[in-house]
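To be precise, the following lines are target_0.txt, and they hold compact mmCIF, C-alpha atoms.
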# COMPACT_ATOMS: atom_id res chain seq x y z
CA MET A 27 -1.89 8.19 -42.56
CA VAL A 28 -2.24 4.55 -43.55
CA PRO A 29 0.78 2.73 -45.01
CA LEU A 30 0.44 1.12 -48.43
CA PRO A 31 0.89 -2.52 -47.26
CA TYR A 32 -2.29 -2.30 -45.18
CA TYR A 33 -4.27 -1.56 -48.31
CA LEU A 34 -2.50 -4.37 -50.15
CA VAL A 35 -3.32 -6.85 -47.37
CA LEU A 36 -6.97 -5.75 -47.43
CA SER A 37 -7.12 -6.09 -51.21
CA GLY A 38 -5.49 -9.51 -51.01
CA MET A 39 -8.01 -10.65 -48.42
CA LEU A 40 -10.90 -9.47 -50.60
CA PHE A 41 -9.41 -11.28 -53.60
CA ALA A 42 -8.93 -14.44 -51.53
CA CYS A 43 -12.57 -14.28 -50.36
CA GLY A 44 -13.58 -14.00 -54.01
CA VAL A 45 -11.50 -17.03 -54.98
CA VAL A 46 -12.90 -19.10 -52.11
CA GLY A 47 -16.47 -18.11 -53.05
CA PHE A 48 -15.80 -18.98 -56.67
CA LEU A 49 -14.63 -22.44 -55.65
CA ILE A 50 -17.11 -23.40 -52.91
CA LYS A 51 -20.39 -21.81 -53.98
CA ARG A 52 -22.91 -23.83 -55.97
CA ASN A 53 -25.28 -21.08 -57.10
CA ILE A 54 -24.21 -19.62 -60.44
CA ILE A 55 -25.28 -16.07 -59.46
CA THR A 56 -23.24 -16.19 -56.24
CA ILE A 57 -20.23 -17.43 -58.22
CA PHE A 58 -20.67 -14.39 -60.42
CA MET A 59 -20.76 -12.11 -57.37
CA SER A 60 -17.49 -13.68 -56.17
CA ILE A 61 -15.90 -12.62 -59.47
CA GLU A 62 -17.09 -9.05 -58.82
CA LEU A 63 -15.50 -9.28 -55.37
CA MET A 64 -12.17 -10.27 -56.93
CA LEU A 65 -12.35 -7.32 -59.35
CA ASN A 66 -13.03 -4.99 -56.41
CA GLY A 67 -9.95 -6.27 -54.58
CA VAL A 68 -7.84 -5.58 -57.67
CA ASN A 69 -9.34 -2.08 -57.96
CA LEU A 70 -8.33 -1.30 -54.38
CA SER A 71 -4.71 -2.22 -55.07
CA PHE A 72 -4.77 -0.09 -58.24
CA VAL A 73 -5.95 2.96 -56.30
CA ALA A 74 -3.50 2.29 -53.45
CA PHE A 75 -0.56 2.13 -55.85
CA ALA A 76 -1.79 5.26 -57.64
CA ALA A 77 -1.71 7.11 -54.32
CA GLN A 78 1.67 5.66 -53.44
CA TRP A 79 3.42 6.63 -56.68
CA HIS A 80 1.47 9.88 -57.22
CA ALA A 81 0.41 8.60 -60.64
CA LEU A 82 -3.19 9.09 -61.71
CA SER A 83 -2.93 6.37 -64.36
CA GLY A 84 -3.87 3.85 -61.68
CA GLN A 85 -7.18 5.60 -61.10
CA VAL A 86 -7.86 5.67 -64.85
CA PHE A 87 -7.25 1.94 -65.01
CA VAL A 88 -9.88 1.46 -62.31
CA PHE A 89 -12.39 2.92 -64.74
CA PHE A 90 -11.37 0.44 -67.40
CA VAL A 91 -11.76 -2.40 -64.90
CA MET A 92 -15.21 -1.08 -64.01
CA VAL A 93 -16.24 -0.93 -67.68
CA VAL A 94 -15.07 -4.50 -68.21
CA ALA A 95 -16.92 -5.57 -65.05
CA ALA A 96 -20.12 -3.91 -66.25
CA ALA A 97 -19.87 -5.57 -69.68
CA GLU A 98 -19.09 -8.89 -68.03
CA ALA A 99 -22.08 -8.54 -65.69
CA ALA A 100 -24.43 -7.77 -68.58
CA VAL A 101 -23.27 -10.69 -70.75
CA GLY A 102 -22.91 -13.10 -67.82
CA LEU A 103 -26.37 -12.44 -66.45
CA ALA A 104 -27.80 -12.87 -69.94
CA ILE A 105 -26.01 -16.24 -70.13
CA ILE A 106 -27.45 -17.15 -66.71
CA ILE A 107 -30.97 -16.33 -67.96
CA ALA A 108 -30.38 -18.46 -71.07
CA VAL A 109 -29.06 -21.35 -68.95
CA TYR A 110 -32.02 -21.12 -66.59
CA ARG A 111 -34.43 -21.14 -69.51
CA THR A 112 -33.09 -24.43 -70.85
CA ARG A 113 -32.15 -26.24 -67.59
CA GLU A 114 -34.61 -24.81 -65.03
CA THR A 115 -31.82 -24.76 -62.44
CA LEU A 116 -29.10 -22.43 -61.13
CA ASN A 117 -26.99 -25.18 -59.57
CA VAL A 118 -23.68 -25.46 -61.41
CA ASP A 119 -23.39 -29.16 -60.55
CA GLN A 120 -26.38 -29.82 -62.77
CA VAL A 121 -25.06 -27.67 -65.62
CA ASN A 122 -22.31 -30.03 -66.73
CA LEU A 123 -23.17 -30.67 -70.38
CA LEU A 124 -22.61 -28.26 -73.24
CA LYS A 125 -25.49 -29.88 -75.12
CA LEU A 126 -28.93 -30.70 -73.80
CA MET O 9 -4.68 8.59 -36.48
CA LEU O 10 -8.20 9.29 -37.69
CA HIS O 11 -7.21 7.89 -41.07
CA LEU O 12 -6.01 4.66 -39.51
CA ALA O 13 -9.18 4.33 -37.40
CA LEU O 14 -11.40 4.89 -40.46
CA PHE O 15 -9.31 2.47 -42.52
CA LEU O 16 -9.55 -0.25 -39.89
CA MET O 17 -13.28 0.28 -39.35
CA PHE O 18 -14.27 0.16 -43.00
CA GLY O 19 -11.71 -2.54 -43.76
CA ALA O 20 -13.34 -4.67 -41.08
CA ILE O 21 -16.77 -3.99 -42.65
CA CYS O 22 -15.30 -5.02 -46.03
CA ILE O 23 -13.95 -8.32 -44.78
CA ALA O 24 -17.08 -9.05 -42.74
CA GLY O 25 -19.25 -8.42 -45.81
CA ALA O 26 -17.05 -10.62 -47.98
CA ILE O 27 -17.18 -13.47 -45.45
CA ASN O 28 -20.94 -13.00 -45.08
CA LEU O 29 -21.20 -13.34 -48.87
CA LEU O 30 -19.57 -16.76 -48.58
CA VAL O 31 -21.58 -17.93 -45.57
CA GLN O 32 -25.09 -16.93 -46.68
CA SER O 33 -26.94 -19.56 -48.64
CA HIS O 34 -29.57 -17.31 -50.23
CA PRO O 35 -28.27 -15.26 -53.21
CA ILE O 36 -30.19 -12.11 -52.22
CA ASN O 37 -28.38 -12.00 -48.86
CA SER O 38 -25.07 -12.43 -50.66
CA ALA O 39 -25.96 -9.57 -53.02
CA LEU O 40 -26.82 -7.25 -50.12
CA SER O 41 -23.55 -8.02 -48.32
CA LEU O 42 -21.69 -7.39 -51.59
CA ILE O 43 -23.32 -3.92 -51.68
CA ALA O 44 -21.99 -3.31 -48.15
CA VAL O 45 -18.49 -4.35 -49.31
CA MET O 46 -18.64 -1.95 -52.25
CA ALA O 47 -19.90 0.96 -50.16
CA SER O 48 -17.13 0.55 -47.60
CA LEU O 49 -14.58 0.22 -50.42
CA ALA O 50 -15.76 3.64 -51.61
CA VAL O 51 -14.75 5.02 -48.20
CA GLU O 52 -11.33 3.40 -48.60
CA TYR O 53 -10.96 5.16 -51.97
CA LEU O 54 -11.85 8.46 -50.28
CA LEU O 55 -9.11 7.82 -47.71
CA LEU O 56 -6.67 7.30 -50.61
CA GLY O 57 -7.59 10.69 -52.06
CA ALA O 58 -9.52 9.29 -55.03
CA GLU O 59 -12.80 11.17 -54.71
CA PHE O 60 -14.00 10.61 -58.26
CA VAL O 61 -13.29 6.88 -58.14
CA ALA O 62 -15.25 6.68 -54.88
CA ALA O 63 -18.24 8.42 -56.43
CA VAL O 64 -18.11 6.19 -59.52
CA GLN O 65 -17.78 3.12 -57.28
CA VAL O 66 -21.03 3.98 -55.52
CA ILE O 67 -22.89 4.99 -58.68
CA ILE O 68 -21.81 2.21 -61.07
CA TYR O 69 -20.86 -0.72 -58.84
CA ALA O 70 -23.19 -0.38 -55.87
CA GLY O 71 -25.85 1.20 -58.07
CA ALA O 72 -26.04 -0.13 -61.60
CA ILE O 73 -24.28 -3.51 -61.48
CA MET O 74 -25.83 -4.64 -58.19
CA VAL O 75 -29.30 -3.56 -59.34
CA LEU O 76 -28.74 -5.83 -62.35
CA PHE O 77 -27.77 -8.69 -60.02
CA VAL O 78 -30.75 -8.22 -57.70
CA PHE O 79 -33.04 -7.91 -60.73
CA VAL O 80 -31.83 -11.24 -62.16
CA ILE O 81 -32.07 -12.96 -58.75
CA MET O 82 -35.70 -11.86 -58.45
CA LEU O 83 -36.46 -12.61 -62.11
CA LEU O 84 -35.22 -16.20 -61.81
CA ASN O 85 -36.71 -16.62 -58.33
CA ALA O 86 -33.43 -18.04 -57.04
CA GLY O 87 -33.91 -20.07 -53.88
CA VAL O 88 -31.61 -21.40 -51.19
CA GLU O 89 -28.65 -23.17 -52.72
CA GLU O 90 -27.96 -26.82 -52.07
CA ARG O 91 -24.82 -27.47 -50.09
CA THR O 92 -22.42 -30.21 -51.07
CA ARG O 93 -19.81 -31.67 -48.78
CA GLY O 94 -16.25 -30.78 -49.73
CA SER O 95 -13.72 -33.50 -50.36
CA ARG O 96 -11.52 -34.56 -47.43
CA VAL O 97 -8.30 -33.84 -49.34
CA ALA O 98 -9.38 -30.24 -49.88
CA ILE O 99 -10.07 -29.76 -46.17
CA LEU O 100 -6.87 -31.56 -45.13
CA PHE O 101 -4.49 -29.66 -47.42
CA GLY O 102 -6.49 -26.61 -48.49
CA ILE O 103 -7.11 -24.88 -45.16
CA PRO O 104 -3.50 -25.17 -43.86
CA GLY O 105 -2.24 -24.15 -47.29
CA VAL O 106 -4.46 -21.06 -47.35
CA LEU O 107 -3.38 -20.10 -43.81
CA VAL O 108 0.34 -20.50 -44.55
CA GLY O 109 0.08 -18.65 -47.85
CA SER O 110 -1.88 -15.72 -46.47
CA VAL O 111 0.41 -15.32 -43.46
CA LEU O 112 3.44 -15.41 -45.76
CA ILE O 113 2.01 -12.78 -48.12
CA ALA O 114 0.91 -10.52 -45.24
CA TRP O 115 4.33 -10.81 -43.60
CA LEU O 116 6.10 -9.97 -46.88
CA LEU O 117 3.91 -6.93 -47.42
CA LEU O 118 4.04 -5.62 -43.87
CA ARG O 119 7.83 -6.03 -43.67
CA HIS O 120 8.15 -3.04 -45.99
CA SER O 121 5.73 -0.88 -44.01
CA GLY O 122 8.30 1.91 -43.60
CA THR O 123 7.01 3.52 -46.80
CA THR O 124 5.40 6.92 -46.66
CA ALA O 125 1.66 7.38 -46.88
CA VAL O 126 -0.45 10.05 -48.56
CA GLY O 127 -3.34 11.91 -47.00
CA ILE O 128 -6.71 12.89 -48.38
CA GLY O 129 -6.55 15.57 -51.07
CA ALA O 130 -2.82 15.00 -51.65
CA LEU O 131 -3.46 13.71 -55.18
CA PRO O 132 -5.16 15.87 -57.78
CA GLY O 133 -7.78 13.16 -58.34
CA SER O 134 -10.46 15.62 -59.43
CA PRO O 135 -12.81 14.71 -62.29
CA GLN O 136 -11.11 17.36 -64.43
CA THR O 137 -7.64 15.81 -64.33
CA ILE O 138 -8.98 12.28 -64.67
CA GLY O 139 -11.10 13.30 -67.63
CA TRP O 140 -8.10 14.96 -69.26
CA LEU O 141 -6.04 11.79 -68.78
CA LEU O 142 -8.88 9.64 -70.06
CA PHE O 143 -9.44 11.65 -73.25
CA HIS O 144 -5.80 12.50 -73.93
CA ASP O 145 -3.31 9.87 -72.77
CA PHE O 146 -5.74 6.94 -72.73
CA LEU O 147 -7.86 7.84 -75.75
CA LEU O 148 -7.25 4.60 -77.65
CA PRO O 149 -8.10 2.29 -74.69
CA PHE O 150 -11.16 4.44 -74.04
CA GLU O 151 -12.42 3.98 -77.60
CA VAL O 152 -11.68 0.25 -77.47
CA THR O 153 -13.70 -0.11 -74.25
CA SER O 154 -16.60 1.77 -75.85
CA VAL O 155 -16.61 -0.81 -78.66
CA LEU O 156 -16.45 -3.54 -76.00
CA VAL O 157 -19.50 -2.12 -74.22
CA LEU O 158 -21.40 -1.93 -77.52
CA ILE O 159 -20.60 -5.59 -78.27
CA ALA O 160 -21.60 -6.55 -74.71
CA ILE O 161 -24.97 -4.80 -75.07
CA MET O 162 -25.70 -6.60 -78.34
CA GLY O 163 -24.54 -9.92 -76.91
CA ALA O 164 -26.72 -9.52 -73.83
CA VAL O 165 -29.78 -8.73 -75.95
CA VAL O 166 -29.18 -11.72 -78.23
CA LEU O 167 -28.49 -14.11 -75.34
CA ALA O 168 -31.40 -13.06 -73.16
CA SER O 169 -34.07 -12.91 -75.87
CA ARG O 170 -36.06 -16.03 -76.53
CA PRO O 171 -34.87 -18.15 -79.49
CA GLU O 172 -38.35 -18.22 -81.01
CA SER O 173 -38.55 -14.43 -81.19
CA ILE O 174 -35.25 -14.26 -83.11
CA GLU O 175 -36.57 -16.89 -85.51
CA GLU O 176 -39.80 -14.93 -86.03
CA ARG O 177 -37.89 -11.74 -86.69
CA ARG O 178 -35.73 -13.48 -89.29
CA GLN O 179 -38.75 -14.77 -91.17
CA GLY O 180 -40.99 -11.72 -90.79
Using the file provided, produce a representation of the structure as structure tokens.
Amino acid sequence: MVPLPYYLVLSGMLFACGVVGFLIKRNIITIFMSIELMLNGVNLSFVAFAAQWHALSGQVFVFFVMVVAAAEAAVGLAIIIAVYRTRETLNVDQVNLLKL
Amino acid sequence: MLHLALFLMFGAICIAGAINLLVQSHPINSALSLIAVMASLAVEYLLLGAEFVAAVQVIIYAGAIMVLFVFVIMLLNAGVEERTRGSRVAILFGIPGVLVGSVLIAWLLLRHSGTTAVGIGALPGSPQTIGWLLFHDFLLPFEVTSVLVLIAIMGAVVLASRPESIEERRQG
């Protein structure tokens, strides 16, 4: 039997790791993975609250978050490929102009 | 007791994987540690009685999405990232701020730890009930997300295809 706050602390730590990665990483693909990490932390708190309140709606919302994450991954990785094709780099410090 | 031991073990793997994601400088190492995080999160879902969510987590997240990531990393031949030095203000105020904030949030959450907990199998989280909810109570959001996925597929194809090929198709 694990109390709910333990899950919330774990999910908060995962989210915080995602935020830190988003801010300090320089590779655009790793920044993208940090966003996935944040979404996973949110999913964990959804499932923990669903178990706490005996409401399955929380688990259904996890599926919606997963669908959005999958769509975001597909579009984002396509954008990364397009950026790499024009700039020949994955470093976000060198991708600072909207126009070439 | 066993629940708590499993929670602590896989929670530790989660946090270690997340920190490893930040520390590693090569994207492929970060991707592999993210897969470890997702797999141990699936165990946490099992502990919460959400069997179907755990299965979907492994299949979609650790399977499909991470394969996409690894595929793009190998396609673009991503190398070791260049490190830049952080600003001194960020180190001076950021690290103490993060420590104080996280301790405050953890204390607030753990202060209410007298709440009851549920065991495995206590929730009817079977695929049948979730499917009924998904196609009955949440039918409209489900349809909207299907449209979203369709738009995302088309957007990905348009973005990733070469501009010249689109031009050729328009003329030919």
Might you pull out every residue within 8 Å of Val118 in chain A, with all atoms listed in the file counted and same-chain residues fewer than 3 positions away left off, and present them as number ranges by chain?
A: 52-54, 121-122
What are the residues of chain A lining chain O at 8 Å or less? Count all atoms listed in the file, and put the answer as a PyMOL selection string.
chain A and resi 27-32+34-36+39-40+43-44+46-47+51-53+55-56+59+63+66+70+73-74+77-78+80+82-83+85-86+88-90+92-94+96-105+107-108+110+116-117
So for range 61-73 of chain A, what box centre and size do we get, axis-aligned, 3 Å extra on each of the six sides, every listed atom, Å to one decimal, as JSON?
{"center_x": -10.9, "center_y": -4.8, "center_z": -56.9, "size_x": 18.4, "size_y": 21.6, "size_z": 11.1}
Residues near Phe48 in chain A, cut-off 8 Å, all atoms listed in the file, skip fewer than 6 positions along chain, as a ChimeraX atom specification:
/A:56-58,60-61
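Minimum atom-to-atom distances from O:Ile43, O:Gly105, O:Ser95, O:Leu112 to Val75 in chain O were compared using all atoms listed in the file, and the lowest value belongs to O:Ile43.
Atom pair CA of Phe41 in chain A / CA of Met64 in chain A has a distance of 4.4 Å (rounded to one decimal).
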Could you add whatever atoms are missing so that range 101-115 of chain A carries N, CA and C atoms, then write the result as a short mmCIF file (atom, residue, chain, number, x, y, z; two decimals), keeping the file's coordinate frame?
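Just written: selection-v8.cif:
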data_model
loop_
_atom_site.label_atom_id
_atom_site.label_comp_id
_atom_site.auth_asym_id
_atom_site.auth_seq_id
_atom_site.Cartn_x
_atom_site.Cartn_y
_atom_site.Cartn_z
N VAL A 101 -23.31 -9.46 -69.94
CA VAL A 101 -23.27 -10.69 -70.75
C VAL A 101 -23.48 -11.91 -69.87
N GLY A 102 -22.80 -11.93 -68.69
CA GLY A 102 -22.91 -13.10 -67.82
C GLY A 102 -24.31 -13.32 -67.32
N LEU A 103 -25.01 -12.25 -66.94
CA LEU A 103 -26.37 -12.44 -66.45
C LEU A 103 -27.29 -12.87 -67.58
N ALA A 104 -27.01 -12.39 -68.81
CA ALA A 104 -27.80 -12.87 -69.94
C ALA A 104 -27.57 -14.37 -70.15
N ILE A 105 -26.30 -14.80 -70.00
CA ILE A 105 -26.01 -16.24 -70.13
C ILE A 105 -26.74 -17.02 -69.04
N ILE A 106 -26.76 -16.45 -67.80
CA ILE A 106 -27.45 -17.15 -66.71
C ILE A 106 -28.94 -17.30 -67.04
N ILE A 107 -29.54 -16.24 -67.60
CA ILE A 107 -30.97 -16.33 -67.96
C ILE A 107 -31.17 -17.41 -69.03
N ALA A 108 -30.26 -17.44 -70.02
CA ALA A 108 -30.38 -18.46 -71.07
C ALA A 108 -30.22 -19.87 -70.51
N VAL A 109 -29.26 -20.04 -69.57
CA VAL A 109 -29.06 -21.35 -68.95
C VAL A 109 -30.29 -21.75 -68.17
N TYR A 110 -30.86 -20.80 -67.41
CA TYR A 110 -32.02 -21.12 -66.59
C TYR A 110 -33.21 -21.50 -67.46
N ARG A 111 -33.29 -20.86 -68.64
CA ARG A 111 -34.43 -21.14 -69.51
C ARG A 111 -34.38 -22.58 -70.04
N THR A 112 -33.17 -23.08 -70.30
CA THR A 112 -33.09 -24.43 -70.85
C THR A 112 -33.00 -25.50 -69.76
N ARG A 113 -32.39 -25.19 -68.60
CA ARG A 113 -32.15 -26.24 -67.59
C ARG A 113 -33.10 -26.16 -66.40
N GLU A 114 -33.71 -24.99 -66.18
CA GLU A 114 -34.61 -24.81 -65.03
C GLU A 114 -33.87 -24.95 -63.71
N THR A 115 -32.57 -24.68 -63.69
CA THR A 115 -31.82 -24.76 -62.44
C THR A 115 -30.69 -23.73 -62.46
#
